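Below is start.cif, holding mmCIF, C-alpha atoms.
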```cif
data_coords
loop_
_atom_site.label_atom_id
_atom_site.label_comp_id
_atom_site.auth_asym_id
_atom_site.auth_seq_id
_atom_site.Cartn_x
_atom_site.Cartn_y
_atom_site.Cartn_z
CA MET A 1 -86.66 -19.23 -1.74
CA ALA A 2 -88.34 -18.21 1.52
CA ALA A 3 -85.71 -20.17 3.46
CA VAL A 4 -82.87 -18.45 1.58
CA SER A 5 -84.28 -14.97 2.27
CA ALA A 6 -84.83 -15.93 5.93
CA ILE A 7 -81.18 -17.05 6.21
CA LYS A 8 -80.06 -13.82 4.50
CA ALA A 9 -82.17 -11.74 6.91
CA ILE A 10 -80.72 -13.61 9.94
CA HIS A 11 -77.18 -13.16 8.55
CA GLN A 12 -77.75 -9.41 8.13
CA THR A 13 -79.20 -9.13 11.66
CA VAL A 14 -76.21 -11.00 13.13
CA LEU A 15 -73.76 -8.80 11.17
CA ARG A 16 -75.53 -5.64 12.39
CA ALA A 17 -75.50 -6.87 16.01
CA ALA A 18 -71.80 -7.74 15.65
CA GLN A 19 -70.83 -4.16 14.75
CA PRO A 20 -68.64 -3.21 17.74
CA ALA A 21 -70.66 -0.11 18.74
CA ARG A 22 -73.99 -1.91 18.36
CA PHE A 23 -72.59 -4.93 20.22
CA VAL A 24 -71.57 -2.84 23.25
CA GLU A 25 -75.08 -1.36 23.40
CA LEU A 26 -76.93 -4.67 22.86
CA SER A 27 -74.77 -6.67 25.28
CA GLY A 28 -75.29 -4.00 27.94
CA MET A 29 -79.03 -4.70 27.75
CA LEU A 30 -78.68 -8.50 27.68
CA ILE A 31 -76.01 -9.15 30.35
CA PRO A 32 -78.13 -8.38 33.47
CA TRP A 33 -80.96 -10.66 32.30
CA ILE A 34 -78.65 -13.53 31.38
CA ALA A 35 -76.81 -13.16 34.72
CA ILE A 36 -80.09 -13.14 36.71
CA LEU A 37 -81.31 -16.27 34.87
CA GLY A 38 -77.94 -17.91 35.48
CA VAL A 39 -78.03 -17.21 39.23
CA VAL A 40 -81.64 -18.48 39.47
CA ALA A 41 -80.65 -21.72 37.66
CA LEU A 42 -77.56 -22.02 39.88
CA VAL A 43 -79.59 -21.68 43.10
CA ALA A 44 -82.18 -24.18 41.81
CA GLY A 45 -79.40 -26.59 40.79
CA LEU A 46 -77.69 -26.27 44.17
CA VAL A 47 -80.91 -26.89 46.12
CA ASP A 48 -81.76 -29.88 43.91
CA GLY A 49 -78.20 -31.23 43.87
CA LEU A 50 -77.34 -30.79 47.54
CA ALA A 51 -80.70 -31.18 49.28
CA LEU A 52 -83.31 -32.91 47.11
CA SER A 53 -81.44 -35.51 45.04
CA PRO A 54 -80.64 -38.85 46.72
CA PRO A 55 -77.14 -40.22 47.39
CA ASP A 56 -75.92 -42.74 44.82
CA TYR A 57 -76.22 -46.43 45.73
CA GLN A 58 -72.48 -46.95 45.04
CA GLN A 59 -70.81 -43.54 45.35
CA GLY A 60 -72.93 -42.36 48.26
CA GLU A 61 -72.84 -38.60 48.93
CA THR A 62 -69.79 -38.00 46.70
CA VAL A 63 -72.11 -38.16 43.69
CA ARG A 64 -72.94 -34.51 44.52
CA ILE A 65 -69.48 -33.50 43.29
CA MET A 66 -70.67 -34.64 39.84
CA TYR A 67 -73.15 -31.71 39.69
CA MET A 68 -70.15 -29.36 39.53
CA HIS A 69 -67.65 -31.62 37.78
CA VAL A 70 -69.67 -32.74 34.74
CA PRO A 71 -71.14 -29.33 33.73
CA ALA A 72 -67.64 -27.81 34.14
CA ALA A 73 -66.22 -30.50 31.83
CA TRP A 74 -68.94 -29.83 29.23
CA MET A 75 -68.19 -26.10 29.43
CA GLY A 76 -64.45 -26.70 29.05
CA LEU A 77 -65.09 -28.54 25.77
CA PHE A 78 -67.84 -26.20 24.52
CA VAL A 79 -65.82 -23.03 25.17
CA TYR A 80 -62.75 -24.48 23.44
CA ALA A 81 -64.82 -25.26 20.32
CA LEU A 82 -66.20 -21.70 20.49
CA VAL A 83 -62.71 -20.18 20.87
CA ALA A 84 -61.42 -22.23 17.92
CA GLY A 85 -64.48 -21.35 15.79
CA LEU A 86 -64.17 -17.64 16.55
CA GLY A 87 -60.43 -17.75 15.83
CA GLY A 88 -61.18 -19.45 12.50
CA LEU A 89 -63.78 -16.77 11.71
CA GLY A 90 -61.24 -14.08 12.56
CA LEU A 91 -58.61 -15.65 10.31
CA VAL A 92 -61.00 -16.08 7.37
CA GLY A 93 -63.31 -13.07 7.66
CA GLY A 94 -61.23 -10.65 9.72
CA HIS A 95 -64.28 -9.45 11.66
CA PRO A 96 -63.04 -7.23 14.52
CA LEU A 97 -65.31 -8.90 17.06
CA ALA A 98 -64.22 -12.49 16.28
CA PHE A 99 -60.71 -12.22 17.75
CA ALA A 100 -61.89 -10.03 20.65
CA SER A 101 -64.57 -12.53 21.64
CA ALA A 102 -62.13 -15.47 21.32
CA ARG A 103 -59.66 -13.64 23.59
CA ALA A 104 -62.50 -12.96 26.05
CA ALA A 105 -63.69 -16.58 26.11
CA ALA A 106 -60.35 -18.41 26.55
CA PRO A 107 -59.71 -17.57 30.26
CA LEU A 108 -63.30 -18.57 31.07
CA GLY A 109 -62.81 -21.92 29.31
CA ALA A 110 -59.58 -22.42 31.26
CA MET A 111 -61.44 -21.65 34.49
CA PHE A 112 -64.16 -24.26 33.74
CA THR A 113 -61.50 -26.84 32.77
CA ALA A 114 -59.65 -26.16 36.04
CA VAL A 115 -62.93 -26.58 37.99
CA CYS A 116 -63.45 -29.91 36.20
CA LEU A 117 -59.93 -31.16 37.02
CA ILE A 118 -59.99 -30.02 40.67
CA THR A 119 -63.47 -31.37 41.42
CA GLY A 120 -62.57 -34.60 39.59
CA SER A 121 -59.52 -34.94 41.80
CA LEU A 122 -61.63 -34.30 44.92
CA TRP A 123 -63.99 -37.07 43.77
CA GLY A 124 -61.16 -39.41 42.75
CA LYS A 125 -59.43 -39.48 46.13
CA PRO A 126 -62.35 -40.99 48.10
CA MET A 127 -63.65 -43.16 45.20
CA TRP A 128 -60.47 -44.37 43.43
CA GLY A 129 -58.07 -43.85 46.32
CA ALA A 130 -55.94 -41.46 44.22
CA TRP A 131 -55.98 -37.71 43.58
CA TRP A 132 -54.71 -38.26 40.04
CA VAL A 133 -54.06 -41.07 37.57
CA TRP A 134 -52.54 -40.73 34.08
CA ASP A 135 -55.75 -42.06 32.58
CA ALA A 136 -56.64 -41.10 28.96
CA ARG A 137 -59.61 -38.91 29.98
CA LEU A 138 -57.75 -37.07 32.74
CA THR A 139 -54.62 -36.58 30.64
CA SER A 140 -56.51 -35.27 27.60
CA MET A 141 -58.44 -32.89 29.87
CA LEU A 142 -55.16 -31.63 31.36
CA LEU A 143 -53.89 -31.13 27.80
CA LEU A 144 -57.03 -29.05 27.12
CA LEU A 145 -56.10 -26.79 30.08
CA PHE A 146 -52.57 -26.38 28.66
CA LEU A 147 -54.05 -25.53 25.23
CA TYR A 148 -56.10 -22.79 26.91
CA PHE A 149 -52.95 -21.50 28.66
CA GLY A 150 -51.16 -21.52 25.29
CA HIS A 151 -54.01 -19.58 23.66
CA ILE A 152 -54.08 -16.99 26.46
CA ALA A 153 -50.28 -16.56 26.41
CA LEU A 154 -50.01 -16.35 22.60
CA SER A 155 -52.84 -13.83 22.22
CA ARG A 156 -50.98 -11.49 24.60
CA ALA A 157 -47.41 -12.25 23.49
CA PHE A 158 -47.03 -9.63 20.73
CA ASP A 159 -46.92 -5.83 20.74
CA ASP A 160 -49.28 -5.96 17.76
CA PRO A 161 -52.50 -7.56 19.12
CA ARG A 162 -53.51 -8.76 15.60
CA ARG A 163 -50.39 -10.95 15.35
CA GLY A 164 -51.11 -12.44 18.76
CA ASP A 165 -54.72 -13.10 17.83
CA LYS A 166 -53.73 -14.84 14.60
CA ALA A 167 -51.12 -17.04 16.31
CA ALA A 168 -53.61 -17.95 19.06
CA ALA A 169 -56.30 -18.72 16.45
CA VAL A 170 -53.97 -21.18 14.68
CA LEU A 171 -53.20 -22.90 18.01
CA GLY A 172 -56.95 -22.95 18.77
CA LEU A 173 -57.74 -24.68 15.46
CA VAL A 174 -54.90 -27.21 15.78
CA GLY A 175 -55.93 -27.95 19.39
CA CYS A 176 -59.41 -28.97 18.20
CA VAL A 177 -57.91 -32.40 17.53
CA ASN A 178 -57.99 -32.89 21.30
CA LEU A 179 -61.78 -32.42 21.60
CA PRO A 180 -62.87 -35.81 20.17
CA ILE A 181 -59.98 -37.41 22.09
CA VAL A 182 -61.42 -36.05 25.37
CA LYS A 183 -64.96 -37.10 24.46
CA PHE A 184 -64.18 -40.60 23.20
CA SER A 185 -61.14 -41.39 25.38
CA VAL A 186 -63.35 -43.48 27.67
CA ASP A 187 -64.49 -45.59 24.68
CA TRP A 188 -61.18 -45.82 22.80
CA TRP A 189 -59.02 -46.82 25.76
CA ASN A 190 -59.47 -48.92 28.85
CA THR A 191 -59.71 -46.13 31.43
CA LEU A 192 -60.45 -45.76 35.11
CA HIS A 193 -62.88 -42.94 34.28
CA GLN A 194 -66.46 -44.14 33.80
CA PRO A 195 -68.01 -44.00 30.29
CA ALA A 196 -70.58 -41.39 29.22
CA SER A 197 -73.93 -41.64 31.00
CA VAL A 198 -75.75 -38.55 29.67
CA MET A 199 -74.57 -37.67 26.13
CA LYS A 200 -74.67 -41.10 24.50
CA LEU A 201 -76.58 -43.10 21.95
CA GLY A 202 -79.82 -44.48 23.37
CA GLY A 203 -80.31 -41.55 25.77
CA PRO A 204 -79.10 -40.91 29.31
CA SER A 205 -78.70 -43.91 31.63
CA ILE A 206 -78.77 -41.73 34.74
CA ASP A 207 -81.80 -41.59 37.04
CA PRO A 208 -84.03 -38.48 36.55
CA SER A 209 -83.55 -37.53 40.23
CA MET A 210 -79.87 -37.00 39.41
CA LEU A 211 -80.28 -35.89 35.80
CA TRP A 212 -82.32 -32.81 36.75
CA PRO A 213 -79.79 -31.18 39.09
CA LEU A 214 -77.09 -31.99 36.54
CA LEU A 215 -79.02 -30.28 33.73
CA LEU A 216 -79.91 -27.31 35.96
CA MET A 217 -76.25 -26.80 36.85
CA ALA A 218 -75.26 -27.24 33.20
CA GLY A 219 -77.80 -24.54 32.21
CA ALA A 220 -76.57 -22.27 35.02
CA PHE A 221 -72.92 -22.65 33.95
CA LYS A 222 -73.85 -21.89 30.34
CA LEU A 223 -75.83 -18.75 31.26
CA ILE A 224 -73.13 -17.53 33.64
CA PHE A 225 -70.52 -18.14 30.95
CA PHE A 226 -72.52 -16.09 28.42
CA ALA A 227 -72.94 -13.20 30.88
CA LEU A 228 -69.19 -13.18 31.68
CA TRP A 229 -68.17 -13.71 28.05
CA LEU A 230 -70.30 -10.78 26.84
CA THR A 231 -68.91 -8.60 29.65
CA ARG A 232 -65.32 -9.54 28.79
CA THR A 233 -65.91 -9.07 25.04
CA ARG A 234 -67.34 -5.57 25.48
CA THR A 235 -64.35 -4.80 27.73
CA GLU A 236 -62.05 -5.90 24.88
CA VAL A 237 -64.01 -3.72 22.41
CA VAL A 238 -63.82 -0.60 24.59
CA GLU A 239 -60.14 -1.31 25.37
CA ALA A 240 -59.45 -1.39 21.61
CA ARG A 241 -61.20 1.98 21.28
CA LEU A 242 -59.06 3.38 24.11
CA ARG A 243 -55.89 2.08 22.42
CA ALA A 244 -56.97 3.68 19.13
CA ALA A 245 -57.75 6.99 20.88
CA ALA A 246 -54.34 6.95 22.63
CA HIS A 247 -52.66 6.22 19.29
CA ARG A 248 -54.53 9.12 17.62
CA SER A 249 -53.53 11.57 20.35
CA ARG A 250 -49.87 10.45 20.08
CA MET A 251 -49.99 11.03 16.31
CA GLU A 252 -51.51 14.49 16.82
CA ALA A 253 -48.86 15.36 19.43
CA ASP A 254 -46.08 14.29 17.02
CA ARG A 255 -47.42 16.56 14.25
CA MET B 1 -77.28 -34.21 52.05
CA ASN B 2 -75.82 -35.86 55.10
CA LEU B 3 -73.46 -33.25 56.58
CA HIS B 4 -71.81 -35.78 58.91
CA GLY B 5 -70.80 -38.29 56.25
CA GLN B 6 -67.19 -39.35 55.86
CA TYR B 7 -66.84 -37.56 52.52
CA THR B 8 -68.43 -34.21 53.47
CA ALA B 9 -65.05 -32.43 53.46
CA TYR B 10 -64.42 -33.52 49.84
CA ILE B 11 -67.86 -32.30 48.74
CA LEU B 12 -67.51 -28.94 50.51
CA ALA B 13 -63.99 -28.51 49.11
CA ALA B 14 -65.24 -29.24 45.56
CA TYR B 15 -68.07 -26.70 45.82
CA GLY B 16 -65.84 -24.19 47.63
CA VAL B 17 -63.06 -24.28 45.03
CA SER B 18 -65.58 -24.12 42.17
CA PHE B 19 -67.30 -21.04 43.59
CA LEU B 20 -63.96 -19.42 44.36
CA LEU B 21 -62.88 -19.78 40.71
CA LEU B 22 -66.30 -18.81 39.35
CA GLY B 23 -66.51 -15.81 41.69
CA GLY B 24 -62.95 -14.77 40.81
CA ALA B 25 -63.79 -14.85 37.10
CA ALA B 26 -66.97 -12.83 37.65
CA LEU B 27 -65.20 -10.26 39.85
CA SER B 28 -62.34 -9.84 37.42
CA ALA B 29 -64.73 -9.43 34.44
CA TRP B 30 -66.77 -6.82 36.33
CA ARG B 31 -63.71 -4.93 37.63
CA ASP B 32 -62.13 -4.80 34.12
CA TRP B 33 -65.39 -3.54 32.61
CA ARG B 34 -65.66 -0.80 35.26
CA ARG B 35 -62.06 0.24 34.59
CA VAL B 36 -62.33 0.52 30.78
CA SER B 37 -65.83 1.97 30.69
CA GLY B 38 -64.77 4.58 33.27
CA ALA B 39 -61.71 5.46 31.18
CA TRP B 40 -63.87 5.70 28.04
CA ALA B 41 -66.40 7.93 29.78
CA ARG B 42 -63.64 10.20 31.10
CA LEU B 43 -62.12 10.38 27.61
CA ASN B 44 -65.46 11.53 26.25
CA GLY B 45 -65.89 14.08 29.04
CA ARG B 46 -68.73 12.29 30.78
CA GLY B 47 -66.72 11.46 33.91
CA GLY B 48 -68.74 8.30 34.62
CA ARG B 49 -67.69 4.95 36.15
CA GLY B 50 -69.33 2.48 33.77
CA GLN B 51 -73.01 2.06 33.29
#
```
For the structure just supplied, provide its representation as structure tokens.
Amino acid sequence: MAAVSAIKAIHQTVLRAAQPARFVELSGMLIPWIAILGVVALVAGLVDGLALSPPDYQQGETVRIMYMHVPAAWMGLFVYALVAGLGGLGLVGGHPLAFASARAAAPLGAMFTAVCLITGSLWGKPMWGAWWVWDARLTSMLLLLFLYFGHIALSRAFDDPRRGDKAAAVLGLVGCVNLPIVKFSVDWWNTLHQPASVMKLGGPSIDPSMLWPLLLMAGAFKLIFFALWLTRTRTEVVEARLRAAAHRSRMEADR
Amino acid sequence: MNLHGQYTAYILAAYGVSFLLLGGAALSAWRDWRRVSGAWARLNGRGGRGQ
């Protein structure tokens, strides 16, 4: 019983915080702190990744590209799941903040996916001898970028923003099929891309001297994403208010 | 990090492009917020430029 009332209390608190006006106020207080923490983690990750961690015994110095590439790949997948989840929430519950926050997150997810692909290519050229190969992992990651582009385009393709949001939410949910394909592509197919070395059964197989900068950068990317996502979501909320105000004044002028 | 290694250019390019994209996203988010919050403040007669 205590657990049920605790869940109910948390649900009520989340609903209250998700009221657009309350959200703008709350996010305004949180964003600077999240951004500061993100920058601190980023600086720590950069110092550890570029100066303190050793070169890899096989890849040499190019292993340092991994400290950007891997966290960006994780973010690309995480943000897509978030966008799809928020779109689903918007379709089912119709909460005004769900679609706005999905619209705000999609370009950030696309940016992280692009960082992953570009840094991967910059690592691939010296290590594989090729900027790009049509390997299962690389191809499914490129498809993820196109799914983001589709979501961004669809959500802005209609005069009525609600229609665009709904169409983009459906694409977001359908595109979720690609997430396990990206994750398990290195296990399901014989690929050039190396298998997972951090998120796998039996724990990470990477040396702690390289795991720490990787985790620091992953934390930094997550915090920076949250700061930017909250900023973009509150922009969407205030923009919706401005649209409503403009609509009201047009109606009054017509009367 | 050895700055005179044969792959330094690749590493610097990877970090450079990443920060360019990350910085672009941050700048665009901040600029958009300033624009809409300024418009909202003006609409409400406060004449501000964001908080």
If the PyMOL selection byres ((chain B) within 6 of (chain A)) is run on the structure shown, which residues does it catch, given as a PyMOL selection string? chain B and resi 1+10-11+14+18+29+33
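Note that the spacing between atom CA of Leu147 of chain A and atom CA of Trp74 of chain A amounts to 16.0 Å.
Among the candidates A:Ala153, A:Gly88, A:Asn190, A:Arg162, the residue lying nearest to Arg137 of chain A is A:Asn190 (atoms considered: all atoms listed in the file).
Residues having any atom no farther than 10 Å from (-59.4, -42.5, 29.1) (counting all atoms listed in the file) are Trp134, Asp135, Ala136, Arg137, Leu138, Thr139, Ser140, Met141, Ile181, Val182, Lys183, Phe184, Ser185, Val186, Asp187, Trp188, Trp189, Asn190, Thr191, Leu192, His193, Gln194 and Pro195 of chain A.
Across the model, the gap from atom CA of Pro161 of chain A to atom CA of Ala41 of chain B is 23.4 Å.
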For the PyMOL selection byres ((chain A and resi 87) around 10), applied here, can you spell out every residue it catches as a list in words? Ala81, Leu82, Val83, Ala84, Gly85, Leu86, Gly88, Leu89, Gly90, Leu91, Val92, Gly93, Gly94, Ala98, Phe99, Ala100, Ser101, Ala102, Arg103, Asp165, Lys166, Ala167, Ala168, Ala169, Val170, Leu171, Gly172 and Leu173 of chain A
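When only C-alpha atoms are used to compute distances to Leu97 of chain A, the closest of the residues A:Asn178, A:Ser205, A:Gln19, A:Ser155 turns out to be A:Gln19.
The coordinates place atom CA of Val70 of chain A at 16.4 Å from atom CA of Pro180 of chain A.
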